[in-house]
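What follows is one structure encoded as structure tokens, with my remarks underneath.
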Amino acid sequence: MLPKQYDPSELETKLFKQWESAGYFSRNAGGHANPEAPPYTIVIPPPNVTGVLHMGHALNNTLQDILTRRARMQGRPTRWIVGTDHAGIATQNKVEQKLAASGKTRFDLGREAFVEECWQWRSEYGSTIIEQLKAMGCSCDYNNEKFTMDASYAAAIRKVFVSWYRAGRIYRGNRIINWCPRCTTALADDEVEHKDEQGSLWHIRYPLLEPVGDIKYLVVATTRPETMLGDTGVAVALDDERYSELLNANAKVCLPLTDRVIPIFADEYVDKNFGTGAVKVTPAHDPNDFEMGKRHNLPEINIFNEHAIINANGGIFAGMERYEARAAILQALEDLGLLEKTDTHDHAVGHCYRCDTTIEPWASEQWFVSMAPLAKPAIKAVRDGRISFNPKRWEKVYFQWMESIRDWCISRQLWWGHRIPVFYCDACGWQDASETDLQKCPSCGSALRQDEDVLDTWFSSQLWPFATASWPADDAQDPLKTYYPTQVLSTARDIIFLWVARMIMSSLYFVDEQIPFRDVIIHPTVLDKHGNIMSKSRGNGIDPLELISDFGADAMRFGLALQVTGAQDMKFDRDKLASSRNFATKIWNAARFVLMNLEDFQPATNDAQNTAVTSSDSVEKNTAVASSDSVEKNTAVASSDSVEKNTAVTSSDSVEKNTTAVFAPVAQTDADRWILSRLAALALELDDESKSFDFGAIARGLYAFFWNEFCDWYIEFAKGQLADASLRRSTQQILVFVLDNALRLLHPFMPFVTEEIWQSIPHGCTSPHLIVAPYPQTCTFAGLHNFNAESGINDVIAIVQALRSTRARYAISPKQSLDVYISLQASEHASKNTYDDASKNLCDCEVRLRSIHEQGFLINKLANCDNVNVTIGGELPGASSVTVVNGMQIAIVLDGLIDFNAEQQRLQKELQKQVDALDKLRRKLSNEGFLAKAASDVIQKSKDDFAELELTVEQIKSQLAGLKVLS
RNA sequence: GGGCGUUUGGCGCAGCGGGAGCGCGCUUCCUUCACACGGAAGAGGUCACUGGUUCGAACCCAGUAACGCCCACCA
């Protein structure tokens, strides 16, 4: 028996250990996977070794675990590959901080010792985030943890680099790159974050060497005046008359604060309408100026060292930090009377995505990958649908970036990372890339020198899907042959370019033109409750571990999944988890109720079904459902197919073979048939391929079924049925069956609470743990759809609700039982017939009457009535309050209590409402356009609704007439 | 400058062509033997705005506004 209180923290650790030690996280799921079934693989976006679990991880890994657990339960050989990223800059920063605490820099240690220190740091702190994933319940393959600096991974990097180098895809060049003066390294374009900042546009007079006519100077406008120290020209627009005289005279400028004379020239780049129409040109510190410099043969004068401190080229400003120099230069210009004016100017300023320092464009020798040829097949792979983004709109973002892709700067001036495998001979000038370390020059025998730089961390991350599958192994055991491509990649939108696109490009290039994954899930970004991005500096982050300890891992997972919709953001507030925590508690208590009523439980054993569940053919069916042609099959199940089976069900009342439960529950009452039918509908809904990544919709479906249908109604019905000796046994079986299947469907979302309960219930399944129990299959539930029972129970529910409502209205104590009369009436025009009987109307009512009569004991129990008298068109007692619903007049006898006035008012109001609705429908049905153009089923539905409304209106009117007589 | 997202009851959101719904909050009642992290009954919205398409629009199209995100070398 389960304890009264559900205590997540106590159970989570215990259950996780059970799963882990049973080996369920490995590909064969501890022997429970079907080797014949199609494999299912997800690679985790490797968190940085420096990482600590944040809400983004919590969300992303919840989604991946849901998919992984579902696939595992479907019997597929499933593996969620886990590991960490060495995170060059981030880790180096951490270790440098650690050294700084003891007053040291990395240069004090030297490269080798520093790298050793990084490895040390990794072994000490690198598994923090992995442990945190376990707290979430993530079922990753922890026994095969990967790291982007593993030896095998390094081999993959080498192979990639050398291949591209030989193919001419990787080249070295002097370019303007984004330089972070704090990290002292180059960054790729997409590692720079642009922020709009309010700056100034300074107008500076550049005196001419010799006046031209009256012109003694020209004015340039700049946002970065300090770079003037590196100016080697002034550019004007091609057709700017203001400067044609200067150009004709071949005038030159004396660059202030220096002794340099620089040319004036015209260039297509310059926009004569901006600023003064004259641009100072600094080829070493601006990408556009760099290009202009190339076009006009200007020298490049680098004025900064790697910390953005002015170097010797800056003359008297040498040694100043860049902003210090800016102030000093402006002051000096002011003193010289050369600062004409200062405008405010908003512009985008680049910042380092790692440390937020303002980026300095800087000319330097770097390694680049030429991207355009790689992008082409990657664009095609998405265009032709081999890879799909979810939501689909992200494909557009992908295309836009890929189609205007620029070359990728891959060299970083760091020590922690994969060192660029290029070797140089200083003696003879030999140079080559090599997969192995080279010592001596093959040409002259001199000692070789390896490139000092390391590769961009994303260069290694891009290989993650195949490098973790042992690429470039080429033996028969090659996991790539069996398990590639992977199925799903789930990540945040901010690394679509940095990572996702590059994985696609490199996989297509290196792995036999194979895609790395079929589906890309771009999940929403978790914002705080006010809609702000969560960040350390804002201090508005929420710690997932705190949520787990306060609400339980299940509640956190479910609460997050619940909020995943197509939107790009999700506002998150910890209070939102309360309802998910309550849901976990609800599941727990519902299970307790079931268990409390099983003392004399006997399973309806059926060995044949037991084998069907775990046998291979069930897995095959599963696969079919998950594949593309499943849509058709699914539809078939929902439509004609099921109608036929339905008849069979009503006759035999037993569940078809192949159910996922080990016994076939025998439904005896409409309530039984109803809940089984609802369960079948749920399974069908969850199996909808088009919604397979719509986690919010699936979670809502599970929630609504379990709480609003199973708990609110079926369990309440069951209380009545359990008290009836003839129904007790079957009711127990249905309760266990539905609970069992609901737990299986819920398990991927809420693994802990479902596992704990499942182990306590007599599910009869041979699987030792829910995590490897078969996932319910839609096809096996098809025979459970039962529209008769759904209609019958809908009547019961409507009656109970009407009675409760009246009771509340008259403030009648729940303890006082009611005397109830129900009069059924068939609409003459309605064709709506939820019953199978071929004949309509009166007969319809008879079926209905019988059904209500059969459920009478449930109504008595749920609404506390003495007896429910049902008639077809029978007279209702006068001293009663009547509710009209679904063609039923439900009368509660209220001798002496009835307030005729209030009843009249209430019914008048209700009448008005119904008459309005009726009028609306009448107008619709008399609209020829509607009758001519609307779909026939829509027209039919409108006619049915009209007939029913008409009946309702009549019933209310007659009731009102009766009241008038009485009052 | 270009692209994208959001705008629905007090708050957070779902629905995305034919009945405005969920969770939280709110009101009233109920500690009855699964659950007060609960049960029952209620109140509360002209679905941002303006046009258009349609027999019919919260839903499709165009435009507007507000908020947010991304991309882009305007010095």
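If you're wondering about the labels, chains in the structure tokens are A, B, ... by order shown, residues count from 1 in each chain, ligands from 1 in order shown.
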
Report as a tab-separated table: every residue of chain B with an atom at most 10 Å from chain A, its closest pair of atoms, and their distance in Å to one decimal, counting only C-alpha atoms (C1' of nucleotides), with rows sorted by chain and ascending residue number.
```
residue	atom	partner	partner_atom	distance
B:G3	C1'	A:Val397	CA	7.9
B:C4	C1'	A:Val397	CA	8.2
B:G5	C1'	A:Gln568	CA	6.1
B:U6	C1'	A:Ala567	CA	7.9
B:G12	C1'	A:Lys571	CA	7.7
B:C13	C1'	A:Gln563	CA	7.9
B:A14	C1'	A:Ala697	CA	8.3
B:G18	C1'	A:Val938	CA	6.8
B:G19	C1'	A:Asp945	CA	9.4
B:C22	C1'	A:Arg700	CA	8.5
B:G23	C1'	A:Ser579	CA	7.0
B:C24	C1'	A:Lys576	CA	7.5
B:U28	C1'	A:Ala808	CA	8.8
B:C29	C1'	A:Ala808	CA	7.5
B:C30	C1'	A:Pro814	CA	8.3
B:U32	C1'	A:Lys815	CA	9.0
B:A34	C1'	A:Phe593	CA	4.0
B:C35	C1'	A:Asn589	CA	5.1
B:C37	C1'	A:Asn582	CA	4.5
B:G38	C1'	A:Lys586	CA	8.8
B:G39	C1'	A:Asp712	CA	9.1
B:A40	C1'	A:Arg804	CA	7.3
B:A41	C1'	A:Ala808	CA	5.7
B:G42	C1'	A:Ser805	CA	9.2
B:C55	C1'	A:Phe930	CA	3.8
B:G56	C1'	A:Phe930	CA	7.5
B:C67	C1'	A:Gly531	CA	9.8
B:G68	C1'	A:Gly531	CA	8.2
B:C69	C1'	A:Gln568	CA	8.4
B:C70	C1'	A:Val397	CA	8.6
B:C71	C1'	A:Trp401	CA	7.9
B:C73	C1'	A:Asn288	CA	5.9
B:C74	C1'	A:Phe274	CA	7.6
B:A75	C1'	A:Thr222	CA	5.7
```

(request) Determine, counting only C-alpha atoms (C1' of nucleotides), which protein, DNA and RNA residues have an atom within 10 Å of an atom of Ala680 (chain A); residues of the same chain fewer than 6 positions away are not included. Present the result as a VMD selection string. (result) chain A and resid 638 674 686 776 to 786

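Using only C-alpha atoms, the smallest distance between any of A:Ala667, A:Leu862, A:Val953, A:Val115 and Gly88 (chain A) comes from A:Val115.
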
(message) What parts of region 475-578 of chain A does DSSP call alpha helix (DSSP H)? I'd like the answer as a PyMOL selection string.
(response) chain A and resi 479-483+502-510+544-551+553-562+577-578

(request) Could you give me, as a list in words, the residues within 8 Å of Pro479 (chain A), counting only C-alpha atoms (C1' of nucleotides) and dropping anything in the same chain fewer than 5 positions from it? (result)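 Listed by chain and then number, they are Ala469, Ser470 and Tyr484 of chain A.
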
(request) Name all residues at most 12 Å from Lys195 (chain A) (count only C-alpha atoms (C1' of nucleotides); drop same-chain ones fewer than 4 positions away) and give them as a list in words. (result)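 In the requested form, the answer reads Gly199, Asp346, His347, Ala348, Val349, Gly350, His351, Cys352, Tyr353, Asp356, Thr357, Thr358 and Ile359 of chain A; C70 of chain B.
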
Skip Asn60 (chain A) itself and residues of its chain fewer than 2 positions away, then list as a short mmCIF file (atom, residue, chain, number, x, y, z; two decimals) with N, CA, C and O atoms, in the first residue's frame all residues within 12 Å of it, counting only C-alpha atoms (C1' of nucleotides).
```
data_model
loop_
_atom_site.label_atom_id
_atom_site.label_comp_id
_atom_site.auth_asym_id
_atom_site.auth_seq_id
_atom_site.Cartn_x
_atom_site.Cartn_y
_atom_site.Cartn_z
N VAL A 43 21.13 12.66 -29.55
CA VAL A 43 22.35 13.16 -28.91
C VAL A 43 21.97 14.40 -28.11
O VAL A 43 21.25 15.26 -28.61
N ILE A 44 22.43 14.43 -26.90
CA ILE A 44 22.15 15.60 -26.07
C ILE A 44 22.99 16.76 -26.58
O ILE A 44 24.11 16.55 -27.03
N PRO A 45 22.46 17.96 -26.61
CA PRO A 45 23.36 19.09 -26.87
C PRO A 45 24.32 19.15 -25.69
O PRO A 45 23.90 19.36 -24.56
N PRO A 46 25.60 18.86 -25.95
CA PRO A 46 26.50 18.70 -24.81
C PRO A 46 26.63 19.99 -24.01
O PRO A 46 27.05 21.01 -24.55
N PRO A 47 26.26 19.96 -22.75
CA PRO A 47 26.44 21.16 -21.94
C PRO A 47 27.93 21.42 -21.73
O PRO A 47 28.73 20.49 -21.78
N LEU A 53 23.12 23.40 -14.32
CA LEU A 53 21.78 23.26 -14.87
C LEU A 53 20.95 24.54 -14.72
O LEU A 53 20.79 25.05 -13.61
N HIS A 54 20.44 25.04 -15.83
CA HIS A 54 19.53 26.19 -15.76
C HIS A 54 18.20 25.81 -16.39
O HIS A 54 18.03 24.67 -16.87
N MET A 55 17.26 26.72 -16.41
CA MET A 55 15.92 26.39 -16.87
C MET A 55 15.88 25.93 -18.33
O MET A 55 15.07 25.10 -18.70
N GLY A 56 16.78 26.48 -19.13
CA GLY A 56 16.84 26.05 -20.53
C GLY A 56 17.20 24.58 -20.62
O GLY A 56 16.58 23.82 -21.37
N HIS A 57 18.19 24.17 -19.83
CA HIS A 57 18.54 22.74 -19.80
C HIS A 57 17.36 21.93 -19.30
O HIS A 57 17.06 20.86 -19.83
N ALA A 58 16.73 22.42 -18.25
CA ALA A 58 15.62 21.66 -17.65
C ALA A 58 14.54 21.40 -18.69
O ALA A 58 14.06 20.27 -18.82
N THR A 62 13.99 17.75 -20.48
CA THR A 62 12.68 17.14 -20.24
C THR A 62 12.12 16.62 -21.56
O THR A 62 11.66 15.47 -21.64
N LEU A 63 12.19 17.43 -22.58
CA LEU A 63 11.64 17.03 -23.87
C LEU A 63 12.37 15.81 -24.43
O LEU A 63 11.76 14.87 -24.93
N GLN A 64 13.68 15.85 -24.34
CA GLN A 64 14.45 14.72 -24.88
C GLN A 64 14.17 13.45 -24.09
O GLN A 64 14.13 12.35 -24.65
N ASP A 65 13.98 13.59 -22.79
CA ASP A 65 13.71 12.40 -21.99
C ASP A 65 12.33 11.84 -22.29
O ASP A 65 12.12 10.63 -22.29
N ILE A 66 11.38 12.70 -22.54
CA ILE A 66 10.04 12.24 -22.91
C ILE A 66 10.13 11.39 -24.18
O ILE A 66 9.59 10.29 -24.25
N LEU A 67 10.85 11.90 -25.16
CA LEU A 67 10.97 11.17 -26.43
C LEU A 67 11.73 9.86 -26.23
O LEU A 67 11.37 8.83 -26.77
N LEU A 133 21.44 16.25 -14.28
CA LEU A 133 20.51 15.62 -15.22
C LEU A 133 19.86 14.40 -14.58
O LEU A 133 18.68 14.10 -14.79
N MET A 136 16.94 15.15 -12.54
CA MET A 136 15.73 15.40 -13.33
C MET A 136 15.07 14.12 -13.79
O MET A 136 13.95 14.13 -14.30
N CYS A 138 16.57 12.18 -16.13
CA CYS A 138 16.94 11.96 -17.52
C CYS A 138 17.56 10.59 -17.71
O CYS A 138 18.52 10.23 -17.02
N VAL A 488 16.29 12.74 -33.46
CA VAL A 488 15.83 14.07 -33.06
C VAL A 488 16.97 14.87 -32.48
O VAL A 488 17.83 14.32 -31.77
N LEU A 489 16.99 16.15 -32.80
CA LEU A 489 17.88 17.05 -32.11
C LEU A 489 17.03 18.16 -31.51
O LEU A 489 16.29 18.82 -32.22
N SER A 490 17.12 18.32 -30.21
CA SER A 490 16.31 19.33 -29.55
C SER A 490 17.22 20.40 -28.97
O SER A 490 18.18 20.08 -28.27
N THR A 491 16.91 21.64 -29.27
CA THR A 491 17.79 22.70 -28.76
C THR A 491 17.09 24.04 -28.77
O THR A 491 15.95 24.16 -29.21
N ALA A 492 17.80 25.03 -28.28
CA ALA A 492 17.27 26.39 -28.23
C ALA A 492 17.59 27.09 -29.54
O ALA A 492 18.50 26.71 -30.26
N ARG A 493 16.83 28.13 -29.83
CA ARG A 493 16.99 28.78 -31.12
C ARG A 493 18.31 29.50 -31.27
O ARG A 493 18.78 29.72 -32.37
N ILE A 521 14.05 19.99 -33.10
CA ILE A 521 13.05 20.65 -32.28
C ILE A 521 13.66 21.93 -31.74
O ILE A 521 14.71 21.90 -31.09
N ILE A 522 13.05 23.05 -32.06
CA ILE A 522 13.50 24.31 -31.49
C ILE A 522 12.50 24.68 -30.40
O ILE A 522 11.38 25.08 -30.68
N HIS A 523 12.91 24.46 -29.17
CA HIS A 523 11.97 24.67 -28.07
C HIS A 523 11.94 26.14 -27.67
O HIS A 523 12.84 26.90 -28.02
N PRO A 524 10.90 26.54 -26.96
CA PRO A 524 10.81 27.95 -26.56
C PRO A 524 11.92 28.34 -25.58
O PRO A 524 12.49 27.48 -24.92
N THR A 525 12.19 29.61 -25.53
CA THR A 525 13.14 30.13 -24.56
C THR A 525 12.39 30.40 -23.25
O THR A 525 11.31 30.98 -23.26
N VAL A 526 12.98 29.96 -22.15
CA VAL A 526 12.34 30.16 -20.86
C VAL A 526 12.66 31.57 -20.36
O VAL A 526 13.82 31.91 -20.14
N ARG A 557 9.00 18.71 -14.63
CA ARG A 557 8.97 18.23 -16.01
C ARG A 557 7.60 18.45 -16.64
O ARG A 557 7.50 18.98 -17.75
N LEU A 560 6.80 22.10 -17.24
CA LEU A 560 7.53 22.67 -18.38
C LEU A 560 6.94 22.17 -19.69
O LEU A 560 6.69 22.95 -20.60
N ALA A 561 6.69 20.88 -19.76
CA ALA A 561 6.16 20.30 -21.00
C ALA A 561 4.80 20.91 -21.33
O ALA A 561 4.50 21.19 -22.50
N VAL A 564 4.93 23.99 -23.48
CA VAL A 564 5.58 23.98 -24.79
C VAL A 564 4.52 24.04 -25.88
O VAL A 564 3.74 23.11 -26.07
N PHE A 695 4.34 18.91 -27.24
CA PHE A 695 4.36 18.40 -25.88
C PHE A 695 3.26 18.99 -25.01
O PHE A 695 2.68 18.32 -24.17
#
```

(message) To one decimal place in Å, what is the distance between CA of Pro485 (chain A) and CA of Lys159 (chain A)?
(response) 19.8 Å

(message) To one decimal place in Å, what is the distance between CA of Leu218 (chain A) and CA of Ile303 (chain A)?
(response)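 Separation of CA of Leu218 (chain A) and CA of Ile303 (chain A): 23.2 Å.
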
(message) Need the shell around G45 (chain B): protein/DNA/RNA residues with any atom at most 10 Å away, counting only C-alpha atoms (C1' of nucleotides). Skip same-chain ones fewer than 6 positions apart. Format as a list in words?
(response)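 Surrounding residues, per the criterion: U8, G9 and A20 of chain B.
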
Please, could you write that set of residues out with N, CA and C atoms (P, O5', C5', C4', C3', O3' and C1' of nucleotides) as a PDB file, in the first residue's frame?
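Listed below is the output, part_4.pdb:
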```pdb
ATOM      1  P     U B   8      -4.233  39.125 -24.911  1.00  0.00           P
ATOM      2  O5'   U B   8      -5.471  38.341 -25.517  1.00  0.00           O
ATOM      3  C5'   U B   8      -6.662  39.027 -25.818  1.00  0.00           C
ATOM      4  C4'   U B   8      -7.814  38.082 -25.735  1.00  0.00           C
ATOM      5  C3'   U B   8      -7.977  37.385 -24.389  1.00  0.00           C
ATOM      6  O3'   U B   8      -8.680  38.213 -23.473  1.00  0.00           O
ATOM      7  C1'   U B   8      -8.108  35.786 -26.100  1.00  0.00           C
ATOM      8  P     G B   9      -8.054  38.616 -22.115  1.00  0.00           P
ATOM      9  O5'   G B   9      -9.105  38.217 -21.019  1.00  0.00           O
ATOM     10  C5'   G B   9      -9.794  39.231 -20.275  1.00  0.00           C
ATOM     11  C4'   G B   9     -10.808  38.591 -19.403  1.00  0.00           C
ATOM     12  C3'   G B   9     -10.408  38.367 -17.940  1.00  0.00           C
ATOM     13  O3'   G B   9     -10.866  39.438 -17.123  1.00  0.00           O
ATOM     14  C1'   G B   9     -11.683  36.559 -18.841  1.00  0.00           C
ATOM     15  P     A B  20     -19.230  30.194 -29.544  1.00  0.00           P
ATOM     16  O5'   A B  20     -18.936  29.580 -28.133  1.00  0.00           O
ATOM     17  C5'   A B  20     -18.413  30.277 -27.062  1.00  0.00           C
ATOM     18  C4'   A B  20     -17.006  29.858 -26.923  1.00  0.00           C
ATOM     19  C3'   A B  20     -16.635  29.666 -25.491  1.00  0.00           C
ATOM     20  O3'   A B  20     -16.801  28.285 -25.232  1.00  0.00           O
ATOM     21  C1'   A B  20     -15.066  31.072 -26.609  1.00  0.00           C
TER      22        A B  20
END
```
